Each structure stands twice: as C-alpha cells, then as structure tokens.
file data11.cif (mmCIF, C-alpha atoms)
data_data
#
loop_
_atom_site.group_PDB
_atom_site.id
_atom_site.type_symbol
_atom_site.label_atom_id
_atom_site.label_comp_id
_atom_site.auth_asym_id
_atom_site.auth_seq_id
_atom_site.Cartn_x
_atom_site.Cartn_y
_atom_site.Cartn_z
ATOM 1 C CA MET R 1 3.508 -179.499 102.674
ATOM 2 C CA LYS R 2 3.220 -175.812 101.909
ATOM 3 C CA SER R 3 0.353 -173.929 103.522
ATOM 4 C CA LEU R 4 -1.206 -170.514 103.164
ATOM 5 C CA VAL R 5 -3.789 -168.675 105.256
ATOM 6 C CA VAL R 6 -6.487 -167.278 102.940
ATOM 7 C CA PRO R 7 -8.313 -164.293 104.467
ATOM 8 C CA GLU R 8 -11.990 -163.437 104.143
ATOM 9 C CA VAL R 9 -12.746 -160.206 102.287
ATOM 10 C CA SER R 10 -15.826 -158.512 100.911
ATOM 11 C CA GLY R 11 -14.514 -158.270 97.340
ATOM 12 C CA TRP R 12 -11.777 -157.264 94.911
ATOM 13 C CA GLU R 13 -11.553 -153.758 96.374
ATOM 14 C CA GLN R 14 -9.643 -155.342 99.288
ATOM 15 C CA ILE R 15 -6.970 -156.968 97.116
ATOM 16 C CA GLY R 16 -4.281 -155.339 99.227
ATOM 17 C CA GLU R 17 -5.406 -157.628 102.066
ATOM 18 C CA PHE R 18 -5.271 -160.874 100.040
ATOM 19 C CA ALA R 19 -2.683 -163.539 100.824
ATOM 20 C CA SER R 20 0.115 -163.494 98.242
ATOM 21 C CA ASP R 21 2.908 -165.840 97.241
ATOM 22 C CA LYS R 22 4.977 -166.904 94.229
ATOM 23 C CA VAL R 23 4.734 -169.778 91.784
ATOM 24 C CA ALA R 24 8.470 -170.350 91.713
ATOM 25 C CA THR R 25 9.326 -174.012 92.314
ATOM 26 C CA LEU R 26 11.458 -175.439 89.497
ATOM 27 C CA ASN R 27 10.659 -179.113 89.930
ATOM 28 C CA TRP R 28 12.594 -180.217 86.817
ATOM 29 C CA PRO R 29 15.482 -177.715 86.567
ATOM 30 C CA GLY R 30 17.729 -179.927 84.465
ATOM 31 C CA GLU R 31 15.279 -180.204 81.590
ATOM 32 C CA PHE R 32 13.182 -177.057 82.153
ATOM 33 C CA PRO R 33 15.295 -174.348 83.841
ATOM 34 C CA TYR R 34 13.337 -171.291 82.655
ATOM 35 C CA ALA R 35 11.366 -169.556 85.418
ATOM 36 C CA PRO R 36 9.038 -166.696 84.482
ATOM 37 C CA GLN R 37 8.086 -164.352 87.308
ATOM 38 C CA VAL R 38 4.709 -165.456 88.650
ATOM 39 C CA GLU R 39 2.869 -164.154 91.698
ATOM 40 C CA PHE R 40 -0.638 -164.848 92.899
ATOM 41 C CA SER R 41 -3.013 -163.298 95.408
ATOM 42 C CA ILE R 42 -5.946 -165.178 96.913
ATOM 43 C CA ALA R 43 -8.796 -164.499 99.329
ATOM 44 C CA HIS R 44 -12.346 -165.657 99.834
ATOM 45 C CA THR R 45 -15.814 -164.280 100.408
ATOM 46 C CA PRO R 46 -18.481 -166.400 102.116
ATOM 47 C CA LYS R 47 -19.425 -167.782 98.678
ATOM 48 C CA SER R 48 -16.324 -167.688 96.446
ATOM 49 C CA LEU R 49 -12.576 -167.852 96.060
ATOM 50 C CA LEU R 50 -10.970 -164.741 94.524
ATOM 51 C CA LEU R 51 -7.694 -165.423 92.710
ATOM 52 C CA GLU R 52 -5.335 -163.227 90.709
ATOM 53 C CA PHE R 53 -2.185 -164.297 88.859
ATOM 54 C CA ARG R 54 0.452 -161.782 87.701
ATOM 55 C CA VAL R 55 3.020 -162.959 85.143
ATOM 56 C CA VAL R 56 6.180 -161.603 83.546
ATOM 57 C CA GLU R 57 7.579 -163.883 80.843
ATOM 58 C CA GLN R 58 9.383 -163.760 77.539
ATOM 59 C CA ASP R 59 7.479 -164.451 74.321
ATOM 60 C CA ALA R 60 3.960 -164.932 75.729
ATOM 61 C CA ARG R 61 1.999 -167.338 73.507
ATOM 62 C CA ALA R 62 -1.784 -167.130 73.040
ATOM 63 C CA VAL R 63 -3.164 -169.440 70.352
ATOM 64 C CA CYS R 64 -5.990 -171.456 71.944
ATOM 65 C CA LYS R 65 -9.378 -169.732 71.734
ATOM 66 C CA THR R 66 -11.643 -172.740 72.371
ATOM 67 C CA PRO R 67 -12.899 -173.326 75.929
ATOM 68 C CA ASN R 68 -11.525 -176.613 77.324
ATOM 69 C CA GLY R 69 -8.938 -176.640 74.539
ATOM 70 C CA PRO R 70 -5.160 -177.062 75.010
ATOM 71 C CA VAL R 71 -4.570 -173.817 76.924
ATOM 72 C CA TRP R 72 -1.556 -175.449 78.647
ATOM 73 C CA GLU R 73 0.330 -175.215 75.359
ATOM 74 C CA ASP R 74 0.082 -171.412 75.584
ATOM 75 C CA SER R 75 1.297 -169.050 78.286
ATOM 76 C CA CYS R 76 -0.919 -170.523 80.982
ATOM 77 C CA VAL R 77 -1.648 -170.306 84.700
ATOM 78 C CA GLU R 78 -3.477 -173.039 86.582
ATOM 79 C CA PHE R 79 -5.176 -173.529 89.938
ATOM 80 C CA PHE R 80 -5.930 -177.078 91.081
ATOM 81 C CA VAL R 81 -8.108 -177.457 94.160
ATOM 82 C CA LYS R 82 -9.934 -180.140 96.123
ATOM 83 C CA ASP R 83 -11.996 -180.658 99.226
ATOM 84 C CA PRO R 84 -9.782 -182.796 101.508
ATOM 85 C CA GLU R 85 -12.751 -185.138 102.048
ATOM 86 C CA SER R 86 -13.399 -185.699 98.335
ATOM 87 C CA GLU R 87 -11.792 -188.049 95.827
ATOM 88 C CA TYR R 88 -12.255 -185.406 93.115
ATOM 89 C CA TYR R 89 -10.200 -182.334 92.315
ATOM 90 C CA TYR R 90 -10.858 -179.417 89.978
ATOM 91 C CA ASN R 91 -8.441 -177.744 87.588
ATOM 92 C CA PHE R 92 -8.999 -174.120 86.594
ATOM 93 C CA GLU R 93 -6.676 -173.116 83.771
ATOM 94 C CA THR R 94 -6.475 -170.053 81.574
ATOM 95 C CA ASN R 95 -4.110 -168.743 78.950
ATOM 96 C CA SER R 96 -3.109 -165.101 78.668
ATOM 97 C CA ILE R 97 -6.208 -164.185 76.612
ATOM 98 C CA CYS R 98 -8.638 -165.697 79.146
ATOM 99 C CA THR R 99 -9.477 -168.914 77.297
ATOM 100 C CA PRO R 100 -10.594 -171.292 80.079
ATOM 101 C CA LEU R 101 -10.207 -174.983 80.704
ATOM 102 C CA VAL R 102 -12.026 -176.415 83.724
ATOM 103 C CA GLY R 103 -12.553 -180.016 84.719
ATOM 104 C CA CYS R 104 -13.713 -182.164 87.598
ATOM 105 C CA ARG R 105 -11.235 -185.024 87.854
ATOM 106 C CA LYS R 106 -10.173 -188.184 89.587
ATOM 107 C CA SER R 107 -6.951 -188.161 87.542
ATOM 108 C CA ARG R 108 -5.380 -186.621 84.455
ATOM 109 C CA HIS R 109 -7.453 -188.914 82.201
ATOM 110 C CA ASP R 110 -10.631 -189.344 84.285
ATOM 111 C CA CYS R 111 -12.237 -185.950 83.696
ATOM 112 C CA VAL R 112 -15.577 -184.255 83.091
ATOM 113 C CA HIS R 113 -15.070 -180.799 81.576
ATOM 114 C CA PHE R 114 -17.309 -177.906 82.525
ATOM 115 C CA THR R 115 -20.185 -177.073 80.204
ATOM 116 C CA PRO R 116 -20.661 -173.540 78.817
ATOM 117 C CA GLU R 117 -23.258 -172.973 81.544
ATOM 118 C CA GLN R 118 -20.820 -174.051 84.253
ATOM 119 C CA HIS R 119 -18.073 -171.879 82.759
ATOM 120 C CA ALA R 120 -20.445 -168.924 82.977
ATOM 121 C CA THR R 121 -20.596 -169.231 86.777
ATOM 122 C CA ILE R 122 -16.885 -168.370 87.014
ATOM 123 C CA LYS R 123 -16.118 -164.692 86.551
ATOM 124 C CA ARG R 124 -12.852 -164.071 84.678
ATOM 125 C CA SER R 125 -10.922 -161.081 83.449
ATOM 126 C CA CYS R 126 -7.509 -160.657 81.851
ATOM 127 C CA HIS R 127 -5.025 -157.887 81.224
ATOM 128 C CA LEU R 128 -3.651 -158.984 77.870
ATOM 129 C CA PRO R 129 0.092 -159.491 77.313
ATOM 130 C CA GLU R 130 2.080 -156.301 76.929
ATOM 131 C CA ASN R 131 5.890 -156.323 77.075
ATOM 132 C CA GLY R 132 5.738 -159.825 78.505
ATOM 133 C CA ARG R 133 3.409 -158.845 81.366
ATOM 134 C CA TRP R 134 -0.104 -160.173 81.787
ATOM 135 C CA SER R 135 -2.548 -160.994 84.539
ATOM 136 C CA THR R 136 -5.808 -162.786 85.096
ATOM 137 C CA ARG R 137 -8.494 -162.876 87.758
ATOM 138 C CA MET R 138 -10.935 -165.636 88.594
ATOM 139 C CA GLU R 139 -13.877 -165.649 90.973
ATOM 140 C CA ILE R 140 -14.702 -169.291 91.676
ATOM 141 C CA PRO R 141 -17.924 -170.031 93.584
ATOM 142 C CA PHE R 142 -17.560 -172.774 96.183
ATOM 143 C CA ALA R 143 -20.560 -174.402 94.508
ATOM 144 C CA SER R 144 -18.394 -174.844 91.384
ATOM 145 C CA ILE R 145 -16.124 -177.190 93.330
ATOM 146 C CA GLY R 146 -18.951 -179.175 94.899
ATOM 147 C CA LEU R 147 -19.172 -177.308 98.211
ATOM 148 C CA GLU R 148 -22.328 -175.858 99.755
ATOM 149 C CA GLN R 149 -20.442 -173.394 101.940
ATOM 150 C CA CYS R 150 -17.000 -171.991 102.653
ATOM 151 C CA PRO R 151 -14.773 -174.803 103.972
ATOM 152 C CA LYS R 152 -12.172 -174.538 106.736
ATOM 153 C CA THR R 153 -9.418 -175.956 104.524
ATOM 154 C CA LEU R 154 -8.754 -176.892 100.909
ATOM 155 C CA ARG R 155 -5.898 -178.748 99.247
ATOM 156 C CA ALA R 156 -4.481 -176.881 96.252
ATOM 157 C CA ASN R 157 -1.585 -176.059 93.992
ATOM 158 C CA PHE R 158 -0.835 -173.133 91.694
ATOM 159 C CA TYR R 159 1.027 -173.575 88.422
ATOM 160 C CA LYS R 160 2.598 -171.765 85.486
ATOM 161 C CA CYS R 161 3.321 -173.612 82.276
ATOM 162 C CA GLY R 162 3.749 -173.181 78.572
ATOM 163 C CA ASP R 163 4.288 -176.460 76.754
ATOM 164 C CA LYS R 164 4.650 -174.842 73.314
ATOM 165 C CA THR R 165 5.979 -171.425 74.260
ATOM 166 C CA ALA R 166 9.379 -170.358 72.916
ATOM 167 C CA VAL R 167 10.930 -171.696 76.137
ATOM 168 C CA ALA R 168 8.826 -174.482 77.645
ATOM 169 C CA HIS R 169 8.439 -174.223 81.420
ATOM 170 C CA PHE R 170 6.636 -175.894 84.330
ATOM 171 C CA LEU R 171 6.507 -174.134 87.711
ATOM 172 C CA SER R 172 4.503 -174.869 90.835
ATOM 173 C CA TRP R 173 3.795 -173.309 94.226
ATOM 174 C CA SER R 174 3.935 -176.551 96.202
ATOM 175 C CA PRO R 175 6.809 -178.840 95.121
ATOM 176 C CA ILE R 176 6.108 -181.922 92.987
ATOM 177 C CA ASP R 177 8.318 -184.983 93.350
ATOM 178 C CA THR R 178 7.948 -186.773 90.007
ATOM 179 C CA PRO R 179 10.594 -187.589 87.368
ATOM 180 C CA SER R 180 8.870 -185.509 84.669
ATOM 181 C CA PRO R 181 6.310 -182.676 84.596
ATOM 182 C CA ASP R 182 2.957 -183.794 85.999
ATOM 183 C CA PHE R 183 0.605 -181.291 87.625
ATOM 184 C CA HIS R 184 -2.162 -183.865 88.105
ATOM 185 C CA ARG R 185 -0.785 -185.115 91.407
ATOM 186 C CA PRO R 186 -3.080 -184.183 94.322
ATOM 187 C CA GLU R 187 -0.731 -185.918 96.761
ATOM 188 C CA PHE R 188 1.606 -182.930 96.330
ATOM 189 C CA PHE R 189 -1.059 -180.232 96.823
ATOM 190 C CA GLY R 190 -0.445 -177.742 99.613
ATOM 191 C CA GLU R 191 -3.024 -176.593 102.155
ATOM 192 C CA LEU R 192 -5.175 -173.483 102.067
ATOM 193 C CA ILE R 193 -6.542 -172.448 105.469
ATOM 194 C CA LEU R 194 -9.617 -170.286 105.023
ATOM 195 C CA ALA R 195 -9.642 -167.787 107.874
#
call {"tool": "encode", "arguments": {"input": "data11.cif", "output": "structure tokens"}}
result
Amino acid sequence: MKSLVVPEVSGWEQIGEFASDKVATLNWPGEFPYAPQVEFSIAHTPKSLLLEFRVVEQDARAVCKTPNGPVWEDSCVEFFVKDPESEYYYNFETNSICTPLVGCRKSRHDCVHFTPEQHATIKRSCHLPENGRWSTRMEIPFASIGLEQCPKTLRANFYKCGDKTAVAHFLSWSPIDTPSPDFHRPEFFGELILA
C-alpha cells in the first residue's frame, strides 16, 4: 500500500511545504498506454484538506458543464477518500473547467451525489487549459466527508482519466489490480497520514 505524510499548514500560501507526488501508475498499459504528466500537492489545516492537481496532456477535453455530470469523459482529475472506520467513501472529481462531481458512496452504483448546497462548501479554482497545461485546487472541509475533526489517517487514491478524450487514459497514484479500469475500489486505496 502506498502512503504519504500530509503536513499541517495554515493555508495555500504555504504550498511549497505541501506533500507532493505523481499520478503515474499505468494499471492497464496494454489497452491504455497513454500517460499524461500529472502531479498533485496536498496538505491540511485543522478543518480542511487542501489539494492541487497539475496536468500536462495532449488535446484536453472540456465538454461537461453540469455539476455531477459525466466529468470523467473529459480531461478529469479525481480524489477518492474515506475514513478507515467507515463503510463509505467520497469521490471528488473535476474536469479542466472546474465542473464538479461529488458523491458519498458504498460502491460505484450505490451513491448519493452532493446537493448544490453541499457543493458550495468545497472551494474550487481552475487554471484553464492552455497548451495542454491546466490545474485545479480544491479545499475540502473534513465535515464534507463525515468527520467532525482532523483524523490521524485517511485512505485515498488520486486519479487522472479521460474516457472520451482523443487518447483515453486511466492513471492512479496507488496501483489498482483489476482486469479493466475501475477506480471505485477502496481496497486499493493508499494511506494518508495527517501529521
């Protein structure tokens, strides 16, 4: 299992002190060999997770403009996270123009999507695609994932996909051992240690 120590910071002005890594695991290289460059940085405050993705890819696609719509068909980054003590996990997804999809799930099909009011609790910003480069930031309150305070650990995975981009691709941070692309597999989540 992959693990990452996530430091405590006071805010985005300390992004140089965030933990950073790459979303670079090609779990299905025979069928989907394309690997855009994807890095993320993550930290936490006492009340929230702060997460930034930075992407370089060819032919970025941005079609979905409806919250909770099929953002995974576009150039998309995703953060799946769960309390180790809970049966539920949460998926935070966004395409390159900041269209969000968020759900509380037991599985791919057993899901309750966030309402507009719940979406509003998550601060987001995007640098729109330019020459194949784009980035997005999310500030996710612990309350949005069912926690009253900052936990000691979380289980999580970070993803990059684009089901209907010019070159379909499916990358993860923590490896996934399934015969075909499936991000909804909490048993393959890595560990975040909140320092």
call {"tool": "resolve_selection", "arguments": {"input": "data11.cif", "expression": "the PyMOL selection byres ((chain R and resi 86) around 12)", "output": "ChimeraX atom specification"}}
result
/R:81-85,87-90,104-106,145-147,154-155,186
call {"tool": "closest_residue", "arguments": {"input": "data11.cif", "among": "R:Leu51, R:Cys161, R:Ala43, R:Ile122", "to": "Ser96 (chain R)", "atoms": "all atoms listed in the file"}}
result
R:Cys161
call {"tool": "closest_atom_pairs", "arguments": {"input": "data11.cif", "of": "region 46-156 of chain R", "to": "region 29-41 of chain R", "cutoff": "9 Å", "atoms": "only C-alpha atoms", "output": "tab-separated table"}}
result
residue	atom	partner	partner_atom	distance
R:Leu50	CA	R:Ser41	CA	8.1
R:Leu51	CA	R:Ser41	CA	5.8
R:Glu52	CA	R:Ser41	CA	5.2
R:Phe53	CA	R:Phe40	CA	4.4
R:Arg54	CA	R:Glu39	CA	5.2
R:Val55	CA	R:Val38	CA	4.6
R:Val56	CA	R:Gln37	CA	5.0
R:Glu57	CA	R:Pro36	CA	4.8
R:Gln58	CA	R:Pro36	CA	7.5
R:Val77	CA	R:Val38	CA	8.9
call {"tool": "closest_residue", "arguments": {"input": "data11.cif", "among": "R:Pro100, R:Pro179, R:Pro46, R:Gly190", "to": "Cys76 (chain R)", "atoms": "all atoms listed in the file"}}
result
R:Pro100
call {"tool": "resolve_selection", "arguments": {"input": "data11.cif", "expression": "the PyMOL selection byres ((chain R and resi 128) around 10)", "output": "PyMOL selection string"}}
result
chain R and resi 60+62+95-98+125-127+129-136
call {"tool": "residues_around", "arguments": {"input": "data11.cif", "residues": "region 66-73 of chain R", "least_positions_apart": "2", "cutoff": "8 Å", "atoms": "all atoms listed in the file", "output": "list in words"}}
result
Cys64, Ser75, Cys76, Val77, Glu93, Thr94, Asn95, Thr99, Pro100, Leu101, Val102, His113, Phe114, Cys161, Gly162, Asp163, Lys164 and Thr165 of chain R
call {"tool": "axis_aligned_box", "arguments": {"input": "data11.cif", "around": "region 27-37 of chain R", "padding_each_side": "5 Å", "output": "JSON"}}
result
{"center_x": 12.9, "center_y": -172.3, "center_z": 85.8, "size_x": 19.6, "size_y": 25.9, "size_z": 18.3}
call {"tool": "closest_residue", "arguments": {"input": "data11.cif", "among": "R:Trp173, R:Met138, R:Thr115, R:Thr45", "to": "Pro151 (chain R)", "atoms": "all atoms listed in the file"}}
result
R:Thr45
call {"tool": "closest_residue", "arguments": {"input": "data11.cif", "among": "R:Val112, R:Ala168, R:Ile42, R:Val5", "to": "Trp28 (chain R)", "atoms": "only C-alpha atoms"}}
result
R:Ala168
call {"tool": "decode", "arguments": {"input": "data11.cif", "residues": "region 12-47 of chain R", "atoms": "N, CA, C and O atoms", "output": "PDB file, in the first residue's frame"}}
result
ATOM      1  N   TRP R  12      -3.029  28.150   1.702  1.00  0.00           N
ATOM      2  CA  TRP R  12      -2.415  27.970   0.386  1.00  0.00           C
ATOM      3  C   TRP R  12      -1.088  28.690   0.255  1.00  0.00           C
ATOM      4  O   TRP R  12      -0.252  28.303  -0.574  1.00  0.00           O
ATOM      5  N   GLU R  13      -0.861  29.726   1.055  1.00  0.00           N
ATOM      6  CA  GLU R  13       0.403  30.464   0.949  1.00  0.00           C
ATOM      7  C   GLU R  13       1.606  29.584   1.305  1.00  0.00           C
ATOM      8  O   GLU R  13       2.740  29.925   0.992  1.00  0.00           O
ATOM      9  N   GLN R  14       1.365  28.432   1.913  1.00  0.00           N
ATOM     10  CA  GLN R  14       2.447  27.511   2.271  1.00  0.00           C
ATOM     11  C   GLN R  14       2.539  26.331   1.301  1.00  0.00           C
ATOM     12  O   GLN R  14       3.063  25.270   1.657  1.00  0.00           O
ATOM     13  N   ILE R  15       2.083  26.502   0.069  1.00  0.00           N
ATOM     14  CA  ILE R  15       2.030  25.368  -0.850  1.00  0.00           C
ATOM     15  C   ILE R  15       3.401  24.734  -1.084  1.00  0.00           C
ATOM     16  O   ILE R  15       3.506  23.548  -1.359  1.00  0.00           O
ATOM     17  N   GLY R  16       4.447  25.491  -0.916  1.00  0.00           N
ATOM     18  CA  GLY R  16       5.787  24.934  -1.040  1.00  0.00           C
ATOM     19  C   GLY R  16       6.105  23.889   0.015  1.00  0.00           C
ATOM     20  O   GLY R  16       7.059  23.119  -0.134  1.00  0.00           O
ATOM     21  N   GLU R  17       5.306  23.841   1.081  1.00  0.00           N
ATOM     22  CA  GLU R  17       5.509  22.873   2.161  1.00  0.00           C
ATOM     23  C   GLU R  17       4.544  21.686   2.075  1.00  0.00           C
ATOM     24  O   GLU R  17       4.593  20.787   2.908  1.00  0.00           O
ATOM     25  N   PHE R  18       3.667  21.671   1.074  1.00  0.00           N
ATOM     26  CA  PHE R  18       2.730  20.558   0.905  1.00  0.00           C
ATOM     27  C   PHE R  18       3.489  19.288   0.528  1.00  0.00           C
ATOM     28  O   PHE R  18       4.574  19.332  -0.035  1.00  0.00           O
ATOM     29  N   ALA R  19       2.904  18.138   0.819  1.00  0.00           N
ATOM     30  CA  ALA R  19       3.410  16.875   0.284  1.00  0.00           C
ATOM     31  C   ALA R  19       3.055  16.807  -1.194  1.00  0.00           C
ATOM     32  O   ALA R  19       1.962  17.233  -1.596  1.00  0.00           O
ATOM     33  N   SER R  20       3.961  16.276  -2.009  1.00  0.00           N
ATOM     34  CA  SER R  20       3.712  16.176  -3.447  1.00  0.00           C
ATOM     35  C   SER R  20       4.070  14.788  -3.952  1.00  0.00           C
ATOM     36  O   SER R  20       4.949  14.124  -3.405  1.00  0.00           O
ATOM     37  N   ASP R  21       3.385  14.373  -4.996  1.00  0.00           N
ATOM     38  CA  ASP R  21       3.665  13.089  -5.632  1.00  0.00           C
ATOM     39  C   ASP R  21       3.067  13.128  -7.032  1.00  0.00           C
ATOM     40  O   ASP R  21       2.493  14.141  -7.447  1.00  0.00           O
ATOM     41  N   LYS R  22       3.190  12.003  -7.747  1.00  0.00           N
ATOM     42  CA  LYS R  22       2.680  11.911  -9.114  1.00  0.00           C
ATOM     43  C   LYS R  22       1.542  10.903  -9.204  1.00  0.00           C
ATOM     44  O   LYS R  22       1.490   9.937  -8.449  1.00  0.00           O
ATOM     45  N   VAL R  23       0.646  11.155 -10.129  1.00  0.00           N
ATOM     46  CA  VAL R  23      -0.382  10.192 -10.515  1.00  0.00           C
ATOM     47  C   VAL R  23       0.160   9.561 -11.788  1.00  0.00           C
ATOM     48  O   VAL R  23      -0.014  10.093 -12.881  1.00  0.00           O
ATOM     49  N   ALA R  24       0.849   8.432 -11.649  1.00  0.00           N
ATOM     50  CA  ALA R  24       1.628   7.921 -12.771  1.00  0.00           C
ATOM     51  C   ALA R  24       1.537   6.411 -12.970  1.00  0.00           C
ATOM     52  O   ALA R  24       2.238   5.866 -13.818  1.00  0.00           O
ATOM     53  N   THR R  25       0.680   5.723 -12.211  1.00  0.00           N
ATOM     54  CA  THR R  25       0.591   4.279 -12.355  1.00  0.00           C
ATOM     55  C   THR R  25      -0.292   3.918 -13.544  1.00  0.00           C
ATOM     56  O   THR R  25      -1.479   4.261 -13.576  1.00  0.00           O
ATOM     57  N   LEU R  26       0.308   3.235 -14.524  1.00  0.00           N
ATOM     58  CA  LEU R  26      -0.432   2.719 -15.676  1.00  0.00           C
ATOM     59  C   LEU R  26      -0.903   1.307 -15.314  1.00  0.00           C
ATOM     60  O   LEU R  26      -0.157   0.339 -15.470  1.00  0.00           O
ATOM     61  N   ASN R  27      -2.102   1.196 -14.824  1.00  0.00           N
ATOM     62  CA  ASN R  27      -2.612  -0.091 -14.383  1.00  0.00           C
ATOM     63  C   ASN R  27      -3.003  -1.009 -15.539  1.00  0.00           C
ATOM     64  O   ASN R  27      -3.038  -2.233 -15.371  1.00  0.00           O
ATOM     65  N   TRP R  28      -3.319  -0.438 -16.697  1.00  0.00           N
ATOM     66  CA  TRP R  28      -3.761  -1.213 -17.858  1.00  0.00           C
ATOM     67  C   TRP R  28      -2.960  -0.779 -19.093  1.00  0.00           C
ATOM     68  O   TRP R  28      -3.521  -0.265 -20.065  1.00  0.00           O
ATOM     69  N   PRO R  29      -1.633  -0.989 -19.069  1.00  0.00           N
ATOM     70  CA  PRO R  29      -0.775  -0.444 -20.129  1.00  0.00           C
ATOM     71  C   PRO R  29      -1.011  -1.051 -21.505  1.00  0.00           C
ATOM     72  O   PRO R  29      -0.765  -0.380 -22.506  1.00  0.00           O
ATOM     73  N   GLY R  30      -1.487  -2.286 -21.564  1.00  0.00           N
ATOM     74  CA  GLY R  30      -1.728  -2.892 -22.861  1.00  0.00           C
ATOM     75  C   GLY R  30      -2.828  -2.198 -23.633  1.00  0.00           C
ATOM     76  O   GLY R  30      -2.694  -1.920 -24.829  1.00  0.00           O
ATOM     77  N   GLU R  31      -3.911  -1.875 -22.941  1.00  0.00           N
ATOM     78  CA  GLU R  31      -5.064  -1.253 -23.587  1.00  0.00           C
ATOM     79  C   GLU R  31      -5.012   0.268 -23.551  1.00  0.00           C
ATOM     80  O   GLU R  31      -5.481   0.946 -24.465  1.00  0.00           O
ATOM     81  N   PHE R  32      -4.440   0.819 -22.462  1.00  0.00           N
ATOM     82  CA  PHE R  32      -4.410   2.277 -22.272  1.00  0.00           C
ATOM     83  C   PHE R  32      -2.996   2.715 -21.892  1.00  0.00           C
ATOM     84  O   PHE R  32      -2.707   2.968 -20.722  1.00  0.00           O
ATOM     85  N   PRO R  33      -2.094   2.830 -22.885  1.00  0.00           N
ATOM     86  CA  PRO R  33      -0.692   3.133 -22.580  1.00  0.00           C
ATOM     87  C   PRO R  33      -0.368   4.615 -22.402  1.00  0.00           C
ATOM     88  O   PRO R  33       0.711   4.956 -21.929  1.00  0.00           O
ATOM     89  N   TYR R  34      -1.307   5.502 -22.770  1.00  0.00           N
ATOM     90  CA  TYR R  34      -1.002   6.937 -22.708  1.00  0.00           C
ATOM     91  C   TYR R  34      -0.968   7.422 -21.257  1.00  0.00           C
ATOM     92  O   TYR R  34      -1.877   7.135 -20.478  1.00  0.00           O
ATOM     93  N   ALA R  35       0.086   8.187 -20.934  1.00  0.00           N
ATOM     94  CA  ALA R  35       0.253   8.692 -19.565  1.00  0.00           C
ATOM     95  C   ALA R  35       0.535  10.181 -19.571  1.00  0.00           C
ATOM     96  O   ALA R  35       1.689  10.604 -19.731  1.00  0.00           O
ATOM     97  N   PRO R  36      -0.498  11.013 -19.420  1.00  0.00           N
ATOM     98  CA  PRO R  36      -0.250  12.449 -19.247  1.00  0.00           C
ATOM     99  C   PRO R  36       0.618  12.682 -18.010  1.00  0.00           C
ATOM    100  O   PRO R  36       0.709  11.825 -17.122  1.00  0.00           O
ATOM    101  N   GLN R  37       1.231  13.845 -17.947  1.00  0.00           N
ATOM    102  CA  GLN R  37       2.002  14.208 -16.751  1.00  0.00           C
ATOM    103  C   GLN R  37       1.041  14.785 -15.720  1.00  0.00           C
ATOM    104  O   GLN R  37       0.353  15.775 -15.995  1.00  0.00           O
ATOM    105  N   VAL R  38       1.001  14.157 -14.540  1.00  0.00           N
ATOM    106  CA  VAL R  38       0.069  14.593 -13.505  1.00  0.00           C
ATOM    107  C   VAL R  38       0.797  14.591 -12.159  1.00  0.00           C
ATOM    108  O   VAL R  38       1.334  13.566 -11.741  1.00  0.00           O
ATOM    109  N   GLU R  39       0.793  15.733 -11.512  1.00  0.00           N
ATOM    110  CA  GLU R  39       1.343  15.851 -10.164  1.00  0.00           C
ATOM    111  C   GLU R  39       0.264  16.408  -9.246  1.00  0.00           C
ATOM    112  O   GLU R  39      -0.649  17.111  -9.692  1.00  0.00           O
ATOM    113  N   PHE R  40       0.370  16.083  -7.976  1.00  0.00           N
ATOM    114  CA  PHE R  40      -0.538  16.677  -7.001  1.00  0.00           C
ATOM    115  C   PHE R  40       0.244  17.115  -5.773  1.00  0.00           C
ATOM    116  O   PHE R  40       1.330  16.590  -5.487  1.00  0.00           O
ATOM    117  N   SER R  41      -0.306  18.081  -5.075  1.00  0.00           N
ATOM    118  CA  SER R  41       0.221  18.532  -3.789  1.00  0.00           C
ATOM    119  C   SER R  41      -0.941  18.549  -2.814  1.00  0.00           C
ATOM    120  O   SER R  41      -2.064  18.944  -3.172  1.00  0.00           O
ATOM    121  N   ILE R  42      -0.678  18.106  -1.573  1.00  0.00           N
ATOM    122  CA  ILE R  42      -1.746  18.008  -0.585  1.00  0.00           C
ATOM    123  C   ILE R  42      -1.223  18.374   0.793  1.00  0.00           C
ATOM    124  O   ILE R  42      -0.069  18.092   1.140  1.00  0.00           O
ATOM    125  N   ALA R  43      -2.074  19.033   1.561  1.00  0.00           N
ATOM    126  CA  ALA R  43      -1.796  19.382   2.954  1.00  0.00           C
ATOM    127  C   ALA R  43      -3.142  19.490   3.655  1.00  0.00           C
ATOM    128  O   ALA R  43      -4.201  19.288   3.047  1.00  0.00           O
ATOM    129  N   HIS R  44      -3.089  19.816   4.939  1.00  0.00           N
ATOM    130  CA  HIS R  44      -4.347  20.004   5.658  1.00  0.00           C
ATOM    131  C   HIS R  44      -4.217  21.147   6.649  1.00  0.00           C
ATOM    132  O   HIS R  44      -3.119  21.481   7.111  1.00  0.00           O
ATOM    133  N   THR R  45      -5.341  21.766   6.933  1.00  0.00           N
ATOM    134  CA  THR R  45      -5.478  22.703   8.042  1.00  0.00           C
ATOM    135  C   THR R  45      -6.233  21.934   9.133  1.00  0.00           C
ATOM    136  O   THR R  45      -6.614  20.780   8.922  1.00  0.00           O
ATOM    137  N   PRO R  46      -6.493  22.523  10.275  1.00  0.00           N
ATOM    138  CA  PRO R  46      -7.287  21.800  11.272  1.00  0.00           C
ATOM    139  C   PRO R  46      -8.692  21.441  10.793  1.00  0.00           C
ATOM    140  O   PRO R  46      -9.307  20.512  11.322  1.00  0.00           O
ATOM    141  N   LYS R  47      -9.190  22.127   9.748  1.00  0.00           N
ATOM    142  CA  LYS R  47     -10.578  21.914   9.330  1.00  0.00           C
ATOM    143  C   LYS R  47     -10.751  21.371   7.918  1.00  0.00           C
ATOM    144  O   LYS R  47     -11.856  20.955   7.558  1.00  0.00           O
TER     145      LYS R  47
END
